[in-house]
Amino acid sequence: AAAAALAGYRGPGTTRDGVAVKVLANVQDGAGARAAVAAHAEGVGLLRTELAFLGRAEEPSVEEQARGYAEVLTAFADRRVVVRTLDAGSDKPLAFATAPDEANPALGVRGLRNARRDPGLLERQLDAIAEAARRTGTEPWVMAPMVATVPEAAGFARLVRERGLVPGVMIEVPSAALQADRLLQHVDFLSIGTNDLSQYTLAADRLSADLADLTDPWQPALLELVRITAAAGARAGRPVGVCGEAAADPLLACVLVGLGVTSLSCAASSIAGVGARLATVDLDACRRAAEGALAADEPQAARAAARSVLAVD
Ligand code: PEP
Ligand code: MG
């Protein structure tokens, strides 16, 4: 039955009782976007623009960038596409953007912080996204990674709106989650990056196998920050998505929906599993599963609480 449900998922994402939850794809280029269309993604929740340029010595031209982004926008014309500006630095160094020789790159100049050293790099990328939008007649959403403060969000939003695009920020740093209400006075949506939010909340390197229990996306402290962020979105009437690995776990996806998240974005290969599971649960059960997970002291207990409410194995 589970296999049949997987094969049968065609979107759109919805709970059994009919609450819409967009199930979107994380992609890195046009080919990935076309694969996501085939997997019945409702759109792109995270276009990781830096991944196309990892091996490059020089910054790609505005024209080259515009062509690449337009491929993704074309694949999902009329549907949501969230373009993330370059998340250079830390685990994804770009030769043309990244500060060299930092003692602690995860806490260093990465993501939006690169604009402190080189504002032109961000502005040229936004120009390229705006050009891709113009060519394809689409309205992409644009978000910044590694935002920590309200002024950062406000400054980014201004640059994005100047180009007629829709601004948002990623919630990857605890300070941003705690100030989600205020960030939403400047941006139109939030997207929670649970990979980094767990790294920064638990102070544990996301790449360390020795610390994987700390960066487990079921850590109740991480779920609490998701709850705070989603509640801010609900108060403001703004969408709040999750685009980290947490969204790819079907059981955790239900908990995230119970915490108030309005979209989930994951690898194309995970979409059917998440969509099929959501279709079997009611919102109220998701909320009770979320309460149980939040009340747990550690990830295993959080999983067990969600499993028992949602009656799955
Ligand atoms: C995240 O941090 O959860 C995220 C989606 O961004 P990335 O994995 O690319 O850092
Ligand atoms: Mg991240």
# chains A, B, ... in the order shown; residues from 1 in each chain; ligands from 1
call {"tool": "residues_around", "arguments": {"residues": "segment 174-188 of chain A", "least_positions_apart": "3", "cutoff": "7 Å", "atoms": "only C-alpha atoms", "output": "ChimeraX atom specification"}}
result
/A:147-150,153-154,157,166-168,171,197,200-201,225,228-229,232,238
call {"tool": "write_last_selection", "arguments": {"atoms": "C-alpha atoms", "output": "short mmCIF file (atom, residue, chain, number, x, y, z; two decimals), in the first residue's frame"}}
result
data_model
loop_
_atom_site.label_atom_id
_atom_site.label_comp_id
_atom_site.auth_asym_id
_atom_site.auth_seq_id
_atom_site.Cartn_x
_atom_site.Cartn_y
_atom_site.Cartn_z
CA VAL A 147 20.62 36.45 7.81
CA ALA A 148 21.12 37.28 11.49
CA THR A 149 19.62 40.75 12.08
CA VAL A 150 16.68 42.97 11.15
CA ALA A 153 16.90 41.71 6.17
CA ALA A 154 15.73 45.29 5.57
CA ALA A 157 14.60 43.54 0.93
CA VAL A 166 9.69 39.49 -3.98
CA PRO A 167 12.06 39.39 -0.98
CA GLY A 168 12.41 36.81 1.77
CA ILE A 171 15.98 31.41 9.00
CA LEU A 197 19.64 26.28 12.03
CA TYR A 200 23.94 27.13 14.95
CA THR A 201 21.37 26.27 17.61
CA LEU A 225 12.60 27.69 16.86
CA ILE A 228 8.37 30.47 16.92
CA THR A 229 9.07 31.25 13.27
CA ALA A 232 5.25 34.76 13.45
CA ARG A 238 2.97 35.33 5.48
#
call {"tool": "residues_near_ligand", "arguments": {"ligand": "ligand 2", "cutoff": "7 Å", "atoms": "only C-alpha atoms and all ligand atoms", "output": "list in words"}}
result
Pro145, Met146, Glu172, Gly193, Asn195 and Asp196 of chain A
call {"tool": "residues_near_ligand", "arguments": {"ligand": "ligand 1", "cutoff": "10 Å", "atoms": "only C-alpha atoms and all ligand atoms", "output": "PyMOL selection string"}}
result
chain A and resi 26+28+45-51+84+86-92+111+145-146+170-173+191-200+206+217+242-247+265-266
call {"tool": "write_last_selection", "arguments": {"atoms": "N, CA and C atoms", "output": "CSV table (one decimal), in the first residue's frame"}}
result
chain,number,residue,atom,x,y,z
A,26,ASN,N,14.1,21.2,-3.9
A,26,ASN,CA,15.4,21.9,-3.8
A,26,ASN,C,16.2,21.5,-5.0
A,28,GLN,N,19.4,22.8,-8.2
A,28,GLN,CA,20.6,23.7,-8.4
A,28,GLN,C,20.7,24.2,-9.8
A,45,GLY,N,11.4,25.4,-3.9
A,45,GLY,CA,11.5,26.1,-2.6
A,45,GLY,C,12.9,26.6,-2.3
A,46,LEU,N,13.8,26.1,-3.0
A,46,LEU,CA,15.2,26.5,-2.8
A,46,LEU,C,16.0,26.2,-4.1
A,47,LEU,N,16.4,27.3,-4.8
A,47,LEU,CA,17.4,27.1,-5.8
A,47,LEU,C,18.7,27.5,-5.2
A,48,ARG,N,19.6,26.5,-5.1
A,48,ARG,CA,20.9,26.8,-4.5
A,48,ARG,C,21.9,27.3,-5.6
A,49,THR,N,21.9,28.6,-5.8
A,49,THR,CA,22.6,29.2,-6.9
A,49,THR,C,24.1,28.9,-6.9
A,50,GLU,N,24.7,28.9,-5.7
A,50,GLU,CA,26.1,28.7,-5.6
A,50,GLU,C,26.6,27.4,-6.1
A,51,LEU,N,25.8,26.4,-6.1
A,51,LEU,CA,26.3,25.0,-6.5
A,51,LEU,C,26.7,25.0,-8.0
A,84,ARG,N,17.7,31.4,-4.2
A,84,ARG,CA,18.5,31.9,-3.0
A,84,ARG,C,19.8,32.5,-3.6
A,86,LEU,N,23.7,33.8,-3.6
A,86,LEU,CA,24.8,32.9,-3.3
A,86,LEU,C,25.1,32.7,-1.9
A,87,ASP,N,25.2,31.4,-1.5
A,87,ASP,CA,25.5,31.1,-0.1
A,87,ASP,C,27.0,30.6,-0.1
A,88,ALA,N,27.8,31.5,-0.5
A,88,ALA,CA,29.3,31.2,-0.6
A,88,ALA,C,29.9,31.3,0.8
A,89,GLY,N,30.8,30.4,1.0
A,89,GLY,CA,31.5,30.4,2.3
A,89,GLY,C,31.3,29.1,3.1
A,90,SER,N,32.0,28.9,4.2
A,90,SER,CA,31.9,27.7,5.0
A,90,SER,C,32.0,26.5,4.2
A,91,ASP,N,30.9,25.6,4.2
A,91,ASP,CA,31.0,24.3,3.5
A,91,ASP,C,30.9,24.5,2.0
A,92,LYS,N,30.6,25.7,1.5
A,92,LYS,CA,30.5,25.9,0.1
A,92,LYS,C,31.3,27.1,-0.4
A,111,GLY,N,27.3,33.5,3.0
A,111,GLY,CA,25.9,33.9,2.6
A,111,GLY,C,25.9,35.4,2.4
A,145,PRO,N,20.6,33.9,2.3
A,145,PRO,CA,21.0,32.9,3.3
A,145,PRO,C,21.7,33.6,4.4
A,146,MET,N,21.8,33.0,5.6
A,146,MET,CA,22.6,33.4,6.7
A,146,MET,C,22.3,34.9,7.2
A,170,MET,N,16.2,33.5,4.7
A,170,MET,CA,16.2,32.2,5.3
A,170,MET,C,16.4,32.4,6.8
A,171,ILE,N,15.8,31.5,7.5
A,171,ILE,CA,16.0,31.4,9.0
A,171,ILE,C,17.0,30.3,9.3
A,172,GLU,N,18.2,30.6,9.5
A,172,GLU,CA,19.3,29.7,9.7
A,172,GLU,C,20.1,29.9,10.9
A,173,VAL,N,19.8,31.1,11.6
A,173,VAL,CA,20.5,31.5,12.7
A,173,VAL,C,19.5,31.7,13.8
A,191,SER,N,12.0,31.3,5.0
A,191,SER,CA,12.2,29.9,4.7
A,191,SER,C,13.3,29.3,5.7
A,192,ILE,N,12.9,28.3,6.4
A,192,ILE,CA,13.8,27.8,7.5
A,192,ILE,C,14.7,26.8,6.9
A,193,GLY,N,16.0,27.1,7.1
A,193,GLY,CA,17.1,26.1,6.6
A,193,GLY,C,17.5,25.3,7.9
A,194,THR,N,16.9,24.2,8.0
A,194,THR,CA,17.1,23.4,9.2
A,194,THR,C,18.5,22.9,9.3
A,195,ASN,N,19.2,22.7,8.2
A,195,ASN,CA,20.6,22.2,8.3
A,195,ASN,C,21.5,23.1,9.1
A,196,ASP,N,21.4,24.4,8.7
A,196,ASP,CA,22.2,25.4,9.4
A,196,ASP,C,21.6,25.8,10.7
A,197,LEU,N,20.3,25.9,10.8
A,197,LEU,CA,19.6,26.3,12.0
A,197,LEU,C,20.0,25.3,13.1
A,198,SER,N,20.1,24.0,12.8
A,198,SER,CA,20.5,23.0,13.8
A,198,SER,C,21.9,23.2,14.2
A,199,GLN,N,22.8,23.4,13.2
A,199,GLN,CA,24.2,23.7,13.4
A,199,GLN,C,24.4,24.8,14.4
A,200,TYR,N,23.7,25.9,14.1
A,200,TYR,CA,23.9,27.1,14.9
A,200,TYR,C,23.2,27.1,16.3
A,206,ARG,N,27.7,20.9,11.2
A,206,ARG,CA,26.7,20.0,10.5
A,206,ARG,C,27.4,18.9,9.7
A,217,PRO,N,17.7,16.7,13.2
A,217,PRO,CA,16.6,17.7,13.0
A,217,PRO,C,15.4,17.5,13.9
A,242,VAL,N,10.0,25.3,5.1
A,242,VAL,CA,11.2,24.6,5.6
A,242,VAL,C,11.9,24.1,4.3
A,243,CYS,N,13.1,24.4,4.2
A,243,CYS,CA,13.9,23.9,3.0
A,243,CYS,C,15.1,23.1,3.4
A,244,GLY,N,15.3,22.8,4.6
A,244,GLY,CA,16.4,21.9,5.0
A,244,GLY,C,16.0,20.4,5.0
A,245,GLU,N,17.0,19.6,5.3
A,245,GLU,CA,16.8,18.2,5.2
A,245,GLU,C,15.6,17.7,6.0
A,246,ALA,N,15.3,18.4,7.1
A,246,ALA,CA,14.1,18.0,7.9
A,246,ALA,C,12.9,17.8,7.1
A,247,ALA,N,12.7,18.6,6.0
A,247,ALA,CA,11.5,18.5,5.2
A,247,ALA,C,11.4,17.2,4.4
A,265,SER,N,10.2,21.9,1.3
A,265,SER,CA,11.0,21.8,0.1
A,265,SER,C,12.1,20.8,0.3
A,266,CYS,N,12.2,19.9,-0.6
A,266,CYS,CA,13.2,18.8,-0.4
A,266,CYS,C,13.7,18.3,-1.7
call {"tool": "select_by_dssp", "arguments": {"residues": "segment 180-274 of chain A", "states": "alpha helix (DSSP H)", "output": "NGL selection string"}}
result
:A and (180-183 or 194-202 or 220-236 or 250-258 or 268-274)
call {"tool": "write_last_selection", "arguments": {"atoms": "C-alpha atoms", "output": "compact mmCIF listing (two decimals), in the first residue's frame"}}
result
# COMPACT_ATOMS: atom_id res chain seq x y z
CA ALA A 180 10.89 36.47 12.94
CA ASP A 181 8.04 38.91 13.72
CA ARG A 182 10.31 41.87 13.05
CA LEU A 183 11.88 40.36 9.95
CA THR A 194 17.11 23.43 9.25
CA ASN A 195 20.59 22.18 8.29
CA ASP A 196 22.22 25.39 9.39
CA LEU A 197 19.64 26.28 12.03
CA SER A 198 20.45 23.04 13.83
CA GLN A 199 24.20 23.65 13.42
CA TYR A 200 23.94 27.13 14.95
CA THR A 201 21.37 26.27 17.61
CA LEU A 202 23.20 23.25 18.96
CA PRO A 220 13.36 19.71 20.43
CA ALA A 221 15.20 23.06 20.63
CA LEU A 222 15.29 23.20 16.84
CA LEU A 223 11.58 22.37 16.67
CA GLU A 224 10.91 25.18 19.17
CA LEU A 225 12.60 27.69 16.86
CA VAL A 226 10.52 26.36 13.96
CA ARG A 227 7.41 26.88 16.11
CA ILE A 228 8.37 30.47 16.92
CA THR A 229 9.07 31.25 13.27
CA ALA A 230 5.89 29.66 11.93
CA ALA A 231 3.79 31.42 14.57
CA ALA A 232 5.25 34.76 13.45
CA GLY A 233 4.31 33.90 9.87
CA ALA A 234 0.76 33.06 10.89
CA ARG A 235 0.40 36.35 12.78
CA ALA A 236 1.64 38.28 9.76
CA PRO A 250 7.87 12.17 5.95
CA LEU A 251 7.17 11.85 9.68
CA LEU A 252 9.00 15.06 10.54
CA ALA A 253 7.25 16.79 7.63
CA CYS A 254 3.95 16.12 9.39
CA VAL A 255 5.34 17.58 12.62
CA LEU A 256 6.56 20.67 10.77
CA VAL A 257 3.07 21.17 9.36
CA GLY A 258 1.72 20.77 12.89
CA ALA A 268 12.99 15.70 -5.86
CA SER A 269 13.56 12.08 -4.84
CA SER A 270 11.87 12.74 -1.47
CA ILE A 271 8.77 14.51 -2.78
CA ALA A 272 6.59 11.43 -3.31
CA GLY A 273 7.29 10.08 0.18
CA VAL A 274 6.49 13.39 1.85
call {"tool": "residues_around", "arguments": {"residues": "His40 of chain A", "least_positions_apart": "4", "cutoff": "7 Å", "atoms": "only C-alpha atoms", "output": "PDB file with N, CA and C atoms, in the first residue's frame"}}
result
ATOM      1  N   ARG A  10       0.875  12.704  -7.046  1.00  0.00           N
ATOM      2  CA  ARG A  10       1.009  13.588  -8.212  1.00  0.00           C
ATOM      3  C   ARG A  10       0.845  15.058  -7.818  1.00  0.00           C
ATOM      4  N   GLY A  11       0.731  15.340  -6.528  1.00  0.00           N
ATOM      5  CA  GLY A  11       0.523  16.703  -6.086  1.00  0.00           C
ATOM      6  C   GLY A  11      -0.871  17.178  -6.437  1.00  0.00           C
ATOM      7  N   ALA A  36      12.504  17.860 -11.193  1.00  0.00           N
ATOM      8  CA  ALA A  36      11.543  18.152 -10.126  1.00  0.00           C
ATOM      9  C   ALA A  36      10.120  18.264 -10.679  1.00  0.00           C
TER      10      ALA A  36
END
call {"tool": "select_by_dssp", "arguments": {"residues": "segment 71-166 of chain A", "states": "strand (DSSP E)", "output": "PDB file with N, CA and C atoms, in the first residue's frame"}}
result
ATOM      1  N   ARG A  80       5.610  28.678  -8.042  1.00  0.00           N
ATOM      2  CA  ARG A  80       6.561  29.361  -7.163  1.00  0.00           C
ATOM      3  C   ARG A  80       7.987  28.881  -7.413  1.00  0.00           C
ATOM      4  N   VAL A  81       8.877  29.838  -7.574  1.00  0.00           N
ATOM      5  CA  VAL A  81      10.306  29.519  -7.606  1.00  0.00           C
ATOM      6  C   VAL A  81      11.015  30.474  -6.649  1.00  0.00           C
ATOM      7  N   VAL A  82      11.704  29.909  -5.669  1.00  0.00           N
ATOM      8  CA  VAL A  82      12.447  30.704  -4.700  1.00  0.00           C
ATOM      9  C   VAL A  82      13.936  30.584  -5.021  1.00  0.00           C
ATOM     10  N   VAL A  83      14.500  31.700  -5.453  1.00  0.00           N
ATOM     11  CA  VAL A  83      15.921  31.739  -5.799  1.00  0.00           C
ATOM     12  C   VAL A  83      16.686  32.225  -4.574  1.00  0.00           C
ATOM     13  N   ARG A  84      17.670  31.446  -4.160  1.00  0.00           N
ATOM     14  CA  ARG A  84      18.511  31.896  -3.048  1.00  0.00           C
ATOM     15  C   ARG A  84      19.762  32.547  -3.605  1.00  0.00           C
ATOM     16  N   TRP A 141      10.560  34.561  -6.316  1.00  0.00           N
ATOM     17  CA  TRP A 141      10.847  35.050  -4.971  1.00  0.00           C
ATOM     18  C   TRP A 141      12.358  34.915  -4.785  1.00  0.00           C
ATOM     19  N   VAL A 142      12.926  35.841  -4.019  1.00  0.00           N
ATOM     20  CA  VAL A 142      14.383  35.849  -3.852  1.00  0.00           C
ATOM     21  C   VAL A 142      14.714  35.936  -2.368  1.00  0.00           C
ATOM     22  N   MET A 143      15.526  35.008  -1.899  1.00  0.00           N
ATOM     23  CA  MET A 143      15.849  35.041  -0.464  1.00  0.00           C
ATOM     24  C   MET A 143      17.358  35.006  -0.229  1.00  0.00           C
ATOM     25  N   ALA A 144      17.732  35.544   0.912  1.00  0.00           N
ATOM     26  CA  ALA A 144      19.137  35.590   1.306  1.00  0.00           C
ATOM     27  C   ALA A 144      19.410  34.526   2.367  1.00  0.00           C
ATOM     28  N   VAL A 166      10.331  39.723  -5.273  1.00  0.00           N
ATOM     29  CA  VAL A 166       9.688  39.493  -3.975  1.00  0.00           C
ATOM     30  C   VAL A 166      10.740  39.001  -2.971  1.00  0.00           C
TER      31      VAL A 166
END
call {"tool": "atom_distance", "arguments": {"atom1": "atom CA of Gly32 of chain A", "atom2": "atom CA of Glu59 of chain A"}}
result
21.8 Å
call {"tool": "residues_around", "arguments": {"residues": "Gly164 of chain A", "least_positions_apart": "3", "cutoff": "9 Å", "atoms": "only C-alpha atoms", "output": "JSON, numbers by chain"}}
result
{"A": [130, 139, 160, 161]}
call {"tool": "write_last_selection", "arguments": {"atoms": "N, CA and C atoms", "output": "compact mmCIF listing (two decimals), in the first residue's frame"}}
result
# COMPACT_ATOMS: atom_id res chain seq x y z
N ALA A 130 16.58 39.40 -11.94
CA ALA A 130 15.54 40.28 -12.50
C ALA A 130 15.47 40.13 -14.02
N GLU A 139 7.58 35.72 -11.86
CA GLU A 139 7.81 36.55 -10.68
C GLU A 139 8.50 35.74 -9.58
N VAL A 160 16.06 43.96 -3.34
CA VAL A 160 15.22 43.03 -4.10
C VAL A 160 14.00 43.76 -4.64
N ARG A 161 13.36 44.58 -3.81
CA ARG A 161 12.16 45.30 -4.26
C ARG A 161 12.49 46.34 -5.33
call {"tool": "closest_residue", "arguments": {"among": "A:Asn104, A:Val72, A:Ser263, A:Val169", "to": "Asp205 of chain A", "atoms": "only C-alpha atoms"}}
result
A:Asn104
call {"tool": "decode", "arguments": {"residues": "segment 204-228 of chain A", "atoms": "N, CA and C atoms", "output": "tab-separated table (two decimals), in the first residue's frame"}}
result
chain	number	residue	atom	x	y	z
A	204	ALA	N	26.99	22.81	16.83
A	204	ALA	CA	27.62	21.56	16.40
A	204	ALA	C	27.76	21.57	14.88
A	205	ASP	N	28.97	21.35	14.41
A	205	ASP	CA	29.26	21.36	12.97
A	205	ASP	C	28.35	20.39	12.23
A	206	ARG	N	27.65	20.88	11.21
A	206	ARG	CA	26.73	20.04	10.47
A	206	ARG	C	27.44	18.92	9.71
A	207	LEU	N	28.75	19.06	9.51
A	207	LEU	CA	29.51	18.04	8.77
A	207	LEU	C	30.16	17.02	9.69
A	208	SER	N	30.03	17.18	10.99
A	208	SER	CA	30.70	16.28	11.92
A	208	SER	C	29.85	15.04	12.21
A	209	ALA	N	30.36	13.88	11.79
A	209	ALA	CA	29.64	12.63	12.08
A	209	ALA	C	29.61	12.37	13.59
A	210	ASP	N	30.63	12.82	14.30
A	210	ASP	CA	30.68	12.59	15.75
A	210	ASP	C	29.57	13.33	16.49
A	211	LEU	N	29.07	14.40	15.86
A	211	LEU	CA	28.07	15.24	16.54
A	211	LEU	C	26.69	15.11	15.90
A	212	ALA	N	26.49	14.07	15.10
A	212	ALA	CA	25.23	13.94	14.35
A	212	ALA	C	24.02	13.87	15.28
A	213	ASP	N	24.20	13.38	16.48
A	213	ASP	CA	23.06	13.34	17.41
A	213	ASP	C	22.64	14.76	17.79
A	214	LEU	N	23.58	15.69	17.82
A	214	LEU	CA	23.24	17.08	18.17
A	214	LEU	C	22.56	17.80	17.00
A	215	THR	N	22.99	17.52	15.79
A	215	THR	CA	22.39	18.19	14.63
A	215	THR	C	21.18	17.42	14.08
A	216	ASP	N	20.74	16.42	14.79
A	216	ASP	CA	19.53	15.68	14.42
A	216	ASP	C	18.36	16.67	14.30
A	217	PRO	N	17.66	16.68	13.18
A	217	PRO	CA	16.58	17.67	13.01
A	217	PRO	C	15.39	17.46	13.94
A	218	TRP	N	15.38	16.37	14.69
A	218	TRP	CA	14.33	16.17	15.69
A	218	TRP	C	14.72	16.78	17.05
A	219	GLN	N	15.82	17.48	17.14
A	219	GLN	CA	16.17	18.10	18.43
A	219	GLN	C	15.04	19.06	18.83
A	220	PRO	N	14.49	18.87	20.01
A	220	PRO	CA	13.36	19.71	20.43
A	220	PRO	C	13.67	21.22	20.40
A	221	ALA	N	14.90	21.61	20.67
A	221	ALA	CA	15.20	23.06	20.63
A	221	ALA	C	15.07	23.60	19.20
A	222	LEU	N	15.46	22.79	18.23
A	222	LEU	CA	15.29	23.20	16.84
A	222	LEU	C	13.79	23.32	16.51
A	223	LEU	N	13.03	22.33	16.95
A	223	LEU	CA	11.58	22.37	16.67
A	223	LEU	C	10.94	23.59	17.32
A	224	GLU	N	11.44	23.98	18.50
A	224	GLU	CA	10.91	25.18	19.17
A	224	GLU	C	11.16	26.44	18.34
A	225	LEU	N	12.32	26.52	17.72
A	225	LEU	CA	12.60	27.69	16.86
A	225	LEU	C	11.74	27.66	15.60
A	226	VAL	N	11.45	26.47	15.10
A	226	VAL	CA	10.52	26.36	13.96
A	226	VAL	C	9.14	26.86	14.39
A	227	ARG	N	8.73	26.46	15.60
A	227	ARG	CA	7.41	26.88	16.11
A	227	ARG	C	7.33	28.40	16.21
A	228	ILE	N	8.34	29.01	16.76
A	228	ILE	CA	8.37	30.47	16.92
A	228	ILE	C	8.29	31.15	15.56
